[in-house]
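Asker: Sharing upload-v7.cif, mmCIF, C-alpha atoms and all ligand atoms:
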data_protein
loop_
_atom_site.label_atom_id
_atom_site.label_comp_id
_atom_site.auth_asym_id
_atom_site.auth_seq_id
_atom_site.Cartn_x
_atom_site.Cartn_y
_atom_site.Cartn_z
CA MET A 1 0.00 0.00 0.00
CA GLU A 2 1.73 3.18 -1.19
CA GLN A 3 -0.48 6.07 -0.22
CA THR A 4 -3.10 6.34 2.46
CA VAL A 5 -5.99 8.73 2.27
CA TYR A 6 -8.17 9.35 5.32
CA LEU A 7 -11.71 10.28 4.31
CA ASP A 8 -13.54 9.32 7.50
CA HIS A 9 -13.42 12.56 9.49
CA ASN A 10 -17.04 12.27 10.63
CA ALA A 11 -16.11 9.06 12.46
CA THR A 12 -13.19 10.77 14.15
CA ALA A 13 -10.85 13.56 13.09
CA PRO A 14 -7.07 13.24 13.46
CA ILE A 15 -5.88 14.98 16.61
CA SER A 16 -4.53 18.42 15.77
CA ALA A 17 -0.99 19.36 16.81
CA PRO A 18 -2.14 22.07 19.27
CA ALA A 19 -4.60 19.64 20.87
CA ARG A 20 -1.98 16.93 21.24
CA ASP A 21 0.51 19.38 22.74
CA ALA A 22 -2.04 20.80 25.17
CA ALA A 23 -3.18 17.34 26.28
CA PHE A 24 0.40 16.17 26.70
CA GLU A 25 1.32 19.23 28.74
CA ALA A 26 -1.72 18.78 30.97
CA LEU A 27 -0.81 15.13 31.59
CA ALA A 28 2.33 16.32 33.30
CA LEU A 29 0.39 18.46 35.79
CA THR A 30 -0.07 17.24 39.33
CA GLY A 31 -3.07 18.31 41.34
CA ASN A 32 -6.82 17.98 41.60
CA MET A 33 -8.55 21.09 40.35
CA SER A 34 -10.87 20.97 43.36
CA SER A 35 -7.89 21.44 45.70
CA VAL A 36 -7.31 24.99 46.90
CA HIS A 37 -3.50 24.79 46.97
CA ARG A 38 -1.30 26.02 44.14
CA PHE A 39 -1.17 22.61 42.44
CA GLY A 40 -4.94 22.49 42.30
CA ARG A 41 -5.19 26.09 41.16
CA ARG A 42 -2.77 25.45 38.29
CA VAL A 43 -4.87 22.54 37.05
CA ARG A 44 -8.04 24.57 37.45
CA ARG A 45 -6.56 27.31 35.29
CA THR A 46 -5.92 24.79 32.50
CA VAL A 47 -9.48 23.53 32.67
CA GLU A 48 -11.02 27.01 32.85
CA ASP A 49 -8.98 28.21 29.87
CA ALA A 50 -10.26 25.23 27.90
CA ARG A 51 -13.80 25.98 29.02
CA GLU A 52 -13.41 29.50 27.65
CA SER A 53 -12.21 28.17 24.28
CA VAL A 54 -15.03 25.64 23.98
CA ALA A 55 -17.56 28.34 24.89
CA GLU A 56 -16.13 30.62 22.20
CA LEU A 57 -16.54 27.96 19.54
CA VAL A 58 -20.32 27.99 20.09
CA GLY A 59 -20.86 31.61 21.16
CA ALA A 60 -21.70 30.67 24.75
CA LYS A 61 -20.52 31.78 28.18
CA ALA A 62 -17.76 29.70 29.76
CA GLY A 63 -19.83 29.30 32.91
CA ASN A 64 -22.47 27.46 30.89
CA VAL A 65 -20.11 24.70 29.68
CA ILE A 66 -20.18 21.35 31.47
CA PHE A 67 -17.44 18.92 30.50
CA THR A 68 -18.56 15.32 29.95
CA SER A 69 -17.03 12.09 28.70
CA GLY A 70 -18.23 12.85 25.17
CA GLY A 71 -21.20 13.53 22.95
CA THR A 72 -23.01 10.40 24.08
CA GLU A 73 -23.01 11.39 27.75
CA ALA A 74 -23.95 14.98 26.92
CA ASN A 75 -26.94 13.82 24.87
CA ASN A 76 -28.02 11.37 27.57
CA GLN A 77 -27.82 14.01 30.29
CA ALA A 78 -29.65 16.66 28.32
CA MET A 79 -32.48 14.26 27.60
CA ALA A 80 -32.76 12.38 30.87
CA ARG A 81 -32.20 15.29 33.23
CA CYS A 82 -34.21 18.19 31.80
CA GLY A 83 -37.35 17.20 33.65
CA ARG A 84 -39.51 16.61 30.58
CA ALA A 85 -41.56 13.42 30.46
CA ARG A 86 -42.28 13.61 26.71
CA VAL A 87 -39.40 13.53 24.24
CA LEU A 88 -39.64 14.08 20.49
CA ALA A 89 -36.58 13.47 18.32
CA SER A 90 -36.00 13.60 14.59
CA ALA A 91 -35.82 10.15 13.03
CA VAL A 92 -32.25 10.79 11.89
CA GLU A 93 -30.71 11.55 15.30
CA HIS A 94 -27.60 9.71 16.41
CA PRO A 95 -28.19 6.52 18.46
CA SER A 96 -26.91 8.36 21.54
CA VAL A 97 -30.15 10.36 21.30
CA LEU A 98 -32.57 7.77 19.95
CA LYS A 99 -31.50 5.15 22.50
CA ALA A 100 -31.02 7.47 25.46
CA LEU A 101 -34.54 6.90 26.77
CA GLY A 102 -37.52 4.67 26.21
CA GLY A 103 -40.69 6.02 24.63
CA ILE A 104 -39.11 8.62 22.36
CA GLU A 105 -41.47 9.81 19.62
CA THR A 106 -39.69 10.17 16.29
CA VAL A 107 -40.43 13.06 13.97
CA PRO A 108 -40.26 12.15 10.25
CA VAL A 109 -37.82 13.67 7.78
CA THR A 110 -38.12 14.45 4.07
CA ALA A 111 -36.44 12.40 1.33
CA ASP A 112 -33.49 14.77 1.71
CA GLY A 113 -33.24 14.03 5.41
CA VAL A 114 -34.57 17.36 6.69
CA ILE A 115 -37.00 17.35 9.62
CA ASP A 116 -40.66 17.76 8.65
CA LEU A 117 -41.49 20.91 10.60
CA GLY A 118 -45.23 20.55 9.94
CA ALA A 119 -45.18 17.08 11.45
CA LEU A 120 -43.21 18.41 14.42
CA GLU A 121 -45.87 21.07 15.08
CA ASP A 122 -48.68 18.54 14.73
CA MET A 123 -46.97 16.18 17.15
CA LEU A 124 -46.29 18.96 19.65
CA GLY A 125 -49.98 19.91 19.49
CA GLU A 126 -51.18 16.37 20.15
CA SER A 127 -50.52 16.48 23.88
CA GLY A 128 -50.39 19.03 26.64
CA THR A 129 -47.49 17.24 28.33
CA PRO A 130 -44.46 19.58 28.37
CA ALA A 131 -41.99 18.19 25.85
CA LEU A 132 -38.35 18.17 24.91
CA VAL A 133 -37.50 18.33 21.20
CA CYS A 134 -34.14 16.85 20.10
CA LEU A 135 -32.80 18.01 16.76
CA MET A 136 -29.21 17.62 15.62
CA LEU A 137 -27.55 20.50 13.81
CA ALA A 138 -25.91 18.26 11.21
CA ASN A 139 -26.24 14.58 10.45
CA ASN A 140 -23.21 12.33 10.78
CA GLU A 141 -24.07 10.09 7.81
CA THR A 142 -25.36 12.57 5.21
CA GLY A 143 -24.06 15.92 6.48
CA VAL A 144 -27.58 17.35 6.14
CA VAL A 145 -27.99 20.53 8.21
CA GLN A 146 -31.27 20.83 10.08
CA PRO A 147 -33.41 24.01 10.43
CA VAL A 148 -32.82 24.13 14.17
CA GLY A 149 -33.82 27.81 14.54
CA LYS A 150 -37.22 27.09 12.93
CA ALA A 151 -37.71 24.03 15.11
CA VAL A 152 -37.01 26.18 18.18
CA GLU A 153 -39.69 28.67 17.06
CA ALA A 154 -42.18 25.83 16.71
CA ALA A 155 -41.16 24.30 20.03
CA ARG A 156 -41.57 27.60 21.88
CA ARG A 157 -45.16 27.93 20.64
CA PHE A 158 -45.88 24.74 22.58
CA GLY A 159 -43.70 25.48 25.60
CA ALA A 160 -41.19 22.77 24.63
CA LEU A 161 -37.49 22.74 25.40
CA VAL A 162 -34.97 22.03 22.62
CA HIS A 163 -31.76 20.01 22.80
CA CYS A 164 -29.36 20.21 19.88
CA ASP A 165 -26.71 17.58 19.15
CA ALA A 166 -24.08 19.75 17.48
CA VAL A 167 -21.37 17.06 17.58
CA GLN A 168 -20.95 16.92 13.80
CA ALA A 169 -21.62 20.59 13.07
CA ALA A 170 -19.07 22.07 15.47
CA GLY A 171 -15.88 23.14 13.77
CA LYS A 172 -17.42 22.45 10.36
CA ILE A 173 -19.88 25.34 10.12
CA PRO A 174 -20.21 28.51 12.24
CA LEU A 175 -22.19 27.85 15.39
CA ASP A 176 -23.92 30.39 17.61
CA MET A 177 -25.92 28.81 20.40
CA ALA A 178 -27.70 32.05 21.30
CA ALA A 179 -28.79 32.59 17.69
CA LEU A 180 -30.06 29.01 17.49
CA GLY A 181 -32.01 29.58 20.70
CA VAL A 182 -31.68 26.01 21.96
CA ASP A 183 -31.70 25.14 25.66
CA THR A 184 -28.86 22.62 25.59
CA LEU A 185 -26.24 21.71 23.02
CA SER A 186 -23.77 18.82 22.93
CA LEU A 187 -20.24 18.64 21.57
CA SER A 188 -17.55 15.98 21.23
CA ALA A 189 -13.83 16.73 21.14
CA HIS A 190 -12.75 13.89 18.84
CA LYS A 191 -14.87 15.19 15.97
CA ILE A 192 -13.02 18.52 15.94
CA GLY A 193 -9.41 17.42 16.28
CA GLY A 194 -9.38 16.85 20.02
CA PRO A 195 -8.95 13.62 22.01
CA ALA A 196 -11.66 10.96 22.20
CA GLY A 197 -13.52 10.49 25.47
CA VAL A 198 -14.26 14.11 26.25
CA GLY A 199 -17.14 16.37 25.27
CA ALA A 200 -19.38 19.08 26.60
CA LEU A 201 -22.94 19.95 27.34
CA ILE A 202 -23.65 23.66 26.98
CA ILE A 203 -26.63 25.02 28.87
CA LYS A 204 -28.59 28.17 28.15
CA ASP A 205 -29.00 30.46 31.16
CA GLY A 206 -31.92 29.24 33.22
CA ALA A 207 -32.53 26.01 31.27
CA PRO A 208 -33.55 23.19 33.61
CA LEU A 209 -30.86 20.53 34.03
CA ASP A 210 -29.78 18.05 36.68
CA SER A 211 -26.70 15.84 36.89
CA LEU A 212 -26.62 12.37 35.38
CA LEU A 213 -23.61 11.18 37.35
CA LYS A 214 -24.03 11.62 41.10
CA GLY A 215 -21.21 12.16 43.53
CA GLY A 216 -18.97 15.17 44.00
CA GLY A 217 -19.91 18.73 43.17
CA GLN A 218 -17.68 19.10 40.10
CA GLU A 219 -18.84 21.07 37.05
CA HIS A 220 -21.18 23.33 39.04
CA GLY A 221 -22.76 20.24 40.57
CA LEU A 222 -23.92 19.09 37.15
CA ARG A 223 -21.36 16.36 36.44
CA ALA A 224 -19.81 14.46 39.31
CA GLY A 225 -16.35 12.97 38.93
CA THR A 226 -12.81 14.29 38.75
CA GLU A 227 -12.35 16.03 35.44
CA ASN A 228 -10.44 14.48 32.52
CA VAL A 229 -7.91 17.31 32.63
CA SER A 230 -5.67 16.27 29.73
CA GLY A 231 -8.68 15.51 27.56
CA ILE A 232 -10.26 18.84 28.43
CA ALA A 233 -7.01 20.70 27.71
CA GLY A 234 -6.83 19.00 24.31
CA PHE A 235 -10.49 19.79 23.68
CA GLY A 236 -9.91 23.47 24.43
CA ALA A 237 -6.97 23.70 22.05
CA ALA A 238 -8.90 21.82 19.37
CA ALA A 239 -11.86 24.18 19.80
CA SER A 240 -9.67 27.26 19.28
CA ALA A 241 -8.04 25.71 16.21
CA ALA A 242 -11.41 24.64 14.83
CA LYS A 243 -12.80 28.15 15.24
CA ASP A 244 -9.80 29.63 13.44
CA GLY A 245 -10.10 27.03 10.69
CA LEU A 246 -13.80 27.50 9.89
CA GLU A 247 -13.14 29.47 6.73
CA SER A 248 -10.73 26.96 5.27
CA PHE A 249 -13.06 24.12 6.28
CA ALA A 250 -15.81 25.76 4.21
CA GLY A 251 -13.46 25.46 1.22
CA LEU A 252 -13.75 21.67 1.40
CA ALA A 253 -17.12 21.99 -0.31
CA ARG A 254 -15.29 22.67 -3.56
CA LEU A 255 -13.39 19.38 -3.33
CA ARG A 256 -16.52 17.51 -2.25
CA ASP A 257 -18.67 19.01 -5.02
CA GLY A 258 -16.02 18.23 -7.61
CA LEU A 259 -15.86 14.64 -6.45
CA GLU A 260 -19.65 14.30 -6.51
CA ALA A 261 -19.77 15.64 -10.07
CA ARG A 262 -17.28 12.97 -11.15
CA VAL A 263 -19.20 10.24 -9.31
CA LEU A 264 -22.43 11.26 -11.05
CA ASP A 265 -20.71 11.55 -14.44
CA ALA A 266 -19.16 8.10 -14.12
CA GLY A 267 -22.30 6.49 -15.49
CA ARG A 268 -22.58 3.97 -12.64
CA GLY A 269 -26.08 5.10 -11.64
CA SER A 270 -24.95 6.62 -8.33
CA ARG A 271 -27.26 8.80 -6.28
CA ILE A 272 -26.15 11.38 -3.73
CA LEU A 273 -28.22 11.41 -0.58
CA GLY A 274 -29.41 14.70 0.89
CA VAL A 275 -28.12 16.54 -2.18
CA ASN A 276 -30.99 19.06 -2.27
CA ALA A 277 -30.57 20.04 1.37
CA GLU A 278 -28.03 22.32 2.99
CA ARG A 279 -25.10 20.08 3.95
CA LEU A 280 -21.82 20.21 5.81
CA PRO A 281 -19.04 21.19 3.39
CA ASN A 282 -17.06 17.98 3.98
CA THR A 283 -19.61 15.17 3.77
CA SER A 284 -20.84 13.09 0.86
CA CYS A 285 -23.02 10.01 1.07
CA PHE A 286 -23.70 8.14 -2.17
CA THR A 287 -24.74 4.83 -3.68
CA LEU A 288 -22.92 2.54 -6.05
CA PRO A 289 -25.62 0.25 -7.45
CA GLY A 290 -24.78 -3.43 -7.31
CA ILE A 291 -21.94 -3.22 -4.77
CA LYS A 292 -22.49 -3.47 -1.03
CA GLY A 293 -21.14 -0.59 1.02
CA GLU A 294 -19.06 -2.92 3.19
CA ALA A 295 -17.46 -4.47 0.11
CA GLN A 296 -16.66 -0.97 -1.17
CA VAL A 297 -15.12 -0.02 2.17
CA MET A 298 -12.91 -3.13 2.17
CA ALA A 299 -11.80 -2.73 -1.45
CA LEU A 300 -11.06 0.97 -0.91
CA ASP A 301 -9.13 0.10 2.24
CA LEU A 302 -6.93 -2.24 0.20
CA ALA A 303 -6.26 0.74 -2.05
CA GLY A 304 -5.25 2.78 1.01
CA ILE A 305 -8.44 4.82 1.27
CA ALA A 306 -10.51 5.02 4.47
CA VAL A 307 -14.26 5.70 4.24
CA SER A 308 -17.36 4.36 6.04
CA ALA A 309 -20.28 2.30 4.82
CA GLY A 310 -23.61 4.16 4.99
CA SER A 311 -25.06 1.20 6.82
CA ALA A 312 -22.33 1.21 9.44
CA CYS A 313 -21.37 4.81 9.96
CA SER A 314 -21.58 4.76 13.71
CA SER A 315 -19.81 1.64 14.85
CA GLY A 316 -18.65 -0.72 12.16
CA LYS A 317 -21.79 -2.81 12.57
CA VAL A 318 -23.65 -4.00 9.51
CA GLY A 319 -27.35 -3.32 9.13
CA ALA A 320 -29.73 -0.89 7.49
CA SER A 321 -28.96 2.68 8.49
CA HIS A 322 -31.91 4.20 10.34
CA VAL A 323 -30.99 7.54 8.77
CA LEU A 324 -31.29 6.24 5.21
CA THR A 325 -34.43 4.28 6.11
CA ALA A 326 -36.02 7.46 7.51
CA MET A 327 -35.20 9.19 4.21
CA GLY A 328 -37.17 6.52 2.38
CA VAL A 329 -34.15 4.73 0.94
CA GLY A 330 -35.00 1.04 0.50
CA PRO A 331 -32.81 -1.60 2.15
CA GLY A 332 -31.30 -2.71 -1.17
CA GLU A 333 -30.18 0.76 -2.17
CA ALA A 334 -29.16 1.65 1.39
CA SER A 335 -26.81 -1.34 1.45
CA THR A 336 -24.81 0.20 -1.43
CA VAL A 337 -24.09 3.52 0.31
CA ILE A 338 -20.73 4.81 1.48
CA ARG A 339 -19.88 8.01 3.32
CA VAL A 340 -16.88 10.08 2.36
CA SER A 341 -16.02 12.75 4.94
CA LEU A 342 -13.17 15.17 4.33
CA GLY A 343 -10.94 17.11 6.68
CA GLU A 344 -8.52 19.98 6.48
CA THR A 345 -5.56 17.90 5.41
CA ASN A 346 -7.32 16.54 2.32
CA GLY A 347 -6.56 18.03 -1.07
CA GLN A 348 -7.37 17.44 -4.71
CA ASP A 349 -4.80 14.63 -4.87
CA ASP A 350 -6.85 12.70 -2.34
CA MET A 351 -10.00 13.20 -4.39
CA ASP A 352 -8.15 11.92 -7.46
CA LEU A 353 -6.87 8.86 -5.61
CA PHE A 354 -10.32 8.16 -4.22
CA PHE A 355 -11.98 8.51 -7.59
CA LYS A 356 -9.46 6.25 -9.29
CA ALA A 357 -9.97 3.51 -6.69
CA TRP A 358 -13.74 4.00 -6.63
CA SER A 359 -13.95 3.82 -10.42
CA ALA A 360 -12.25 0.42 -10.31
CA LEU A 361 -14.82 -1.03 -7.86
CA GLY A 362 -16.65 -3.94 -9.41
CA VAL A 363 -14.81 -3.55 -12.69
CA ALA A 364 -13.19 -6.84 -13.66
N1 LIG B 401 -23.79 12.67 18.01
C1 LIG B 401 -23.38 12.55 16.74
C2 LIG B 401 -24.11 13.26 15.66
C3 LIG B 401 -22.25 11.79 16.44
O1 LIG B 401 -21.84 11.67 15.17
C4 LIG B 401 -21.57 11.14 17.51
C5 LIG B 401 -20.38 10.28 17.24
O2 LIG B 401 -20.36 9.52 16.29
C6 LIG B 401 -22.04 11.30 18.82
C7 LIG B 401 -23.16 12.08 19.02
C8 LIG B 401 -21.37 10.64 19.99
O3 LIG B 401 -20.23 11.32 20.39
P1 LIG B 401 -19.10 10.56 21.26
O4 LIG B 401 -18.37 9.67 20.31
O5 LIG B 401 -18.23 11.66 21.79
O6 LIG B 401 -19.79 9.85 22.36
#
Let me see whether you can do it: turn the structure in this file into structure tokens.
Ligand code: PLP
Answerer:
Amino acid sequence: MEQTVYLDHNATAPISAPARDAAFEALALTGNMSSVHRFGRRVRRTVEDARESVAELVGAKAGNVIFTSGGTEANNQAMARCGRARVLASAVEHPSVLKALGGIETVPVTADGVIDLGALEDMLGESGTPALVCLMLANNETGVVQPVGKAVEAARRFGALVHCDAVQAAGKIPLDMAALGVDTLSLSAHKIGGPAGVGALIIKDGAPLDSLLKGGGQEHGLRAGTENVSGIAGFGAAASAAKDGLESFAGLARLRDGLEARVLDAGRGSRILGVNAERLPNTSCFTLPGIKGEAQVMALDLAGIAVSAGSACSSGKVGASHVLTAMGVGPGEASTVIRVSLGETNGQDDMDLFFKAWSALGVA
């Protein structure tokens, strides 16, 4: 294998140099940030600086950032501890939302994977029970960006709270929590060039929230347990770098669009999913009729190219993607989907290498 091309940034992004350095430096610190002595204060400063950087990435106040073990925990806490008995979630949410609680009512999406706002309003009007609406900002499989601001307007008319999973959107498109108007928002460091196993839940002033993990009074009493200091330090550095890199990240759309044009022109009958919706600049999800996504992933891997199968974008498991199913894609077609997700280090050469290897798939 000569060259390797990483096109699976939505699964996890490579750790950025500033994030690695910050995490490494923090690992060498001694002290518990809850201790009042100088060792503790030094560690606290590292964590609070990171909190500031993460807050800046989403236009929030540092005091409203709770560090968690990742996006999954943040989603679980926001949903299970907001005090709402009724939960509505779009049908294309990540499993860390859809499986967080029992009895979640799913809101349908259009063929392009965008939430059906009319259906959301109808569902909200069906019951007087105060609800929580969960809507992700961008989908991990298709990159489709959801009309979160409009969903918030609808939710407010019915007194509902809104939680937004912004794990895939952060660092890829500009993000302003106040402008979105959501009550809680979740982030994950490893999707933005930080370490895995650390994330954040951001809370709007006054939004109801209780802790999920019980114990000490860390994180303003909202997340018990000694903080993952090195992870948090890496997260903070990654957040600053991601904010600075937003403009260049937007430029990835040119590479992605060029690749999609070649895929469509190749005469293999491919279809791009979510193509009529607003999408993240780095994500493409498309079919290759007649060849299973997993077989494509394996053949591309042999050619040194890393992508995900549409049916297995979250964990390497094989099965129909609930996202594609919700978009009305039949099981046969869904099984032929792969996801290509770009990052800052990708260039035109990578697109050329991908296209060459992809063009050879199934060709004797
Ligand atoms: N939400 C979305 C949209 C994701 O893509 C992911 C990760 O794949 C998560 C949540 C979970 O984040 P974490 O891996 O930090 O638990």
Asker: Give me, as an MDAnalysis selection string, all polymer residues having an atom no more than 9 Å from segment 205-219 of chain A, counting only C-alpha atoms and skipping those fewer than 6 positions away in the same chain.
Answerer: chainID A and resid 34 64:67 73 76:78 80:83 161 183:184 225:227
Asker: Starting from 6 Å padding per side, set up an axis-aligned box that covers all listed atoms of ligand LIG 401 (chain B) and hand over centre and edge lengths in Å, one decimal, as AutoDock Vina command-line options.
Answerer:
--center_x -21.2 --center_y 11.4 --center_z 18.8 --size_x 17.9 --size_y 15.7 --size_z 19.2
Asker: Check the smallest atom-to-atom distance from each of A:Gly113, A:Gly40, A:Gly102, A:Gly197 to ligand LIG 401 (chain B) using only C-alpha atoms and all ligand atoms, then report the winner.
Answerer: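 Using only C-alpha atoms and all ligand atoms, ligand LIG 401 (chain B) sits closest to A:Gly197.
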Asker: Counting all atoms listed in the file, name the residues that have an atom within 6 Å of an atom of ligand LIG 401 (chain B); the answer should be given as a short mmCIF file (atom, residue, chain, number, x, y, z; two decimals) with C-alpha atoms, keeping the file's coordinate frame.
Answerer:
data_model
loop_
_atom_site.label_atom_id
_atom_site.label_comp_id
_atom_site.auth_asym_id
_atom_site.auth_seq_id
_atom_site.Cartn_x
_atom_site.Cartn_y
_atom_site.Cartn_z
CA ALA A 11 -16.11 9.06 12.46
CA GLY A 70 -18.23 12.85 25.17
CA GLY A 71 -21.20 13.53 22.95
CA THR A 72 -23.01 10.40 24.08
CA HIS A 94 -27.60 9.71 16.41
CA SER A 96 -26.91 8.36 21.54
CA ASN A 139 -26.24 14.58 10.45
CA ASN A 140 -23.21 12.33 10.78
CA ASP A 165 -26.71 17.58 19.15
CA VAL A 167 -21.37 17.06 17.58
CA GLN A 168 -20.95 16.92 13.80
CA SER A 188 -17.55 15.98 21.23
CA GLY A 199 -17.14 16.37 25.27
CA SER A 314 -21.58 4.76 13.71
#
Asker: In Å, with one decimal, what is the gap from atom CA of Glu121 of chain A to atom CA of Ala160 of chain A?
Answerer: 10.8 Å
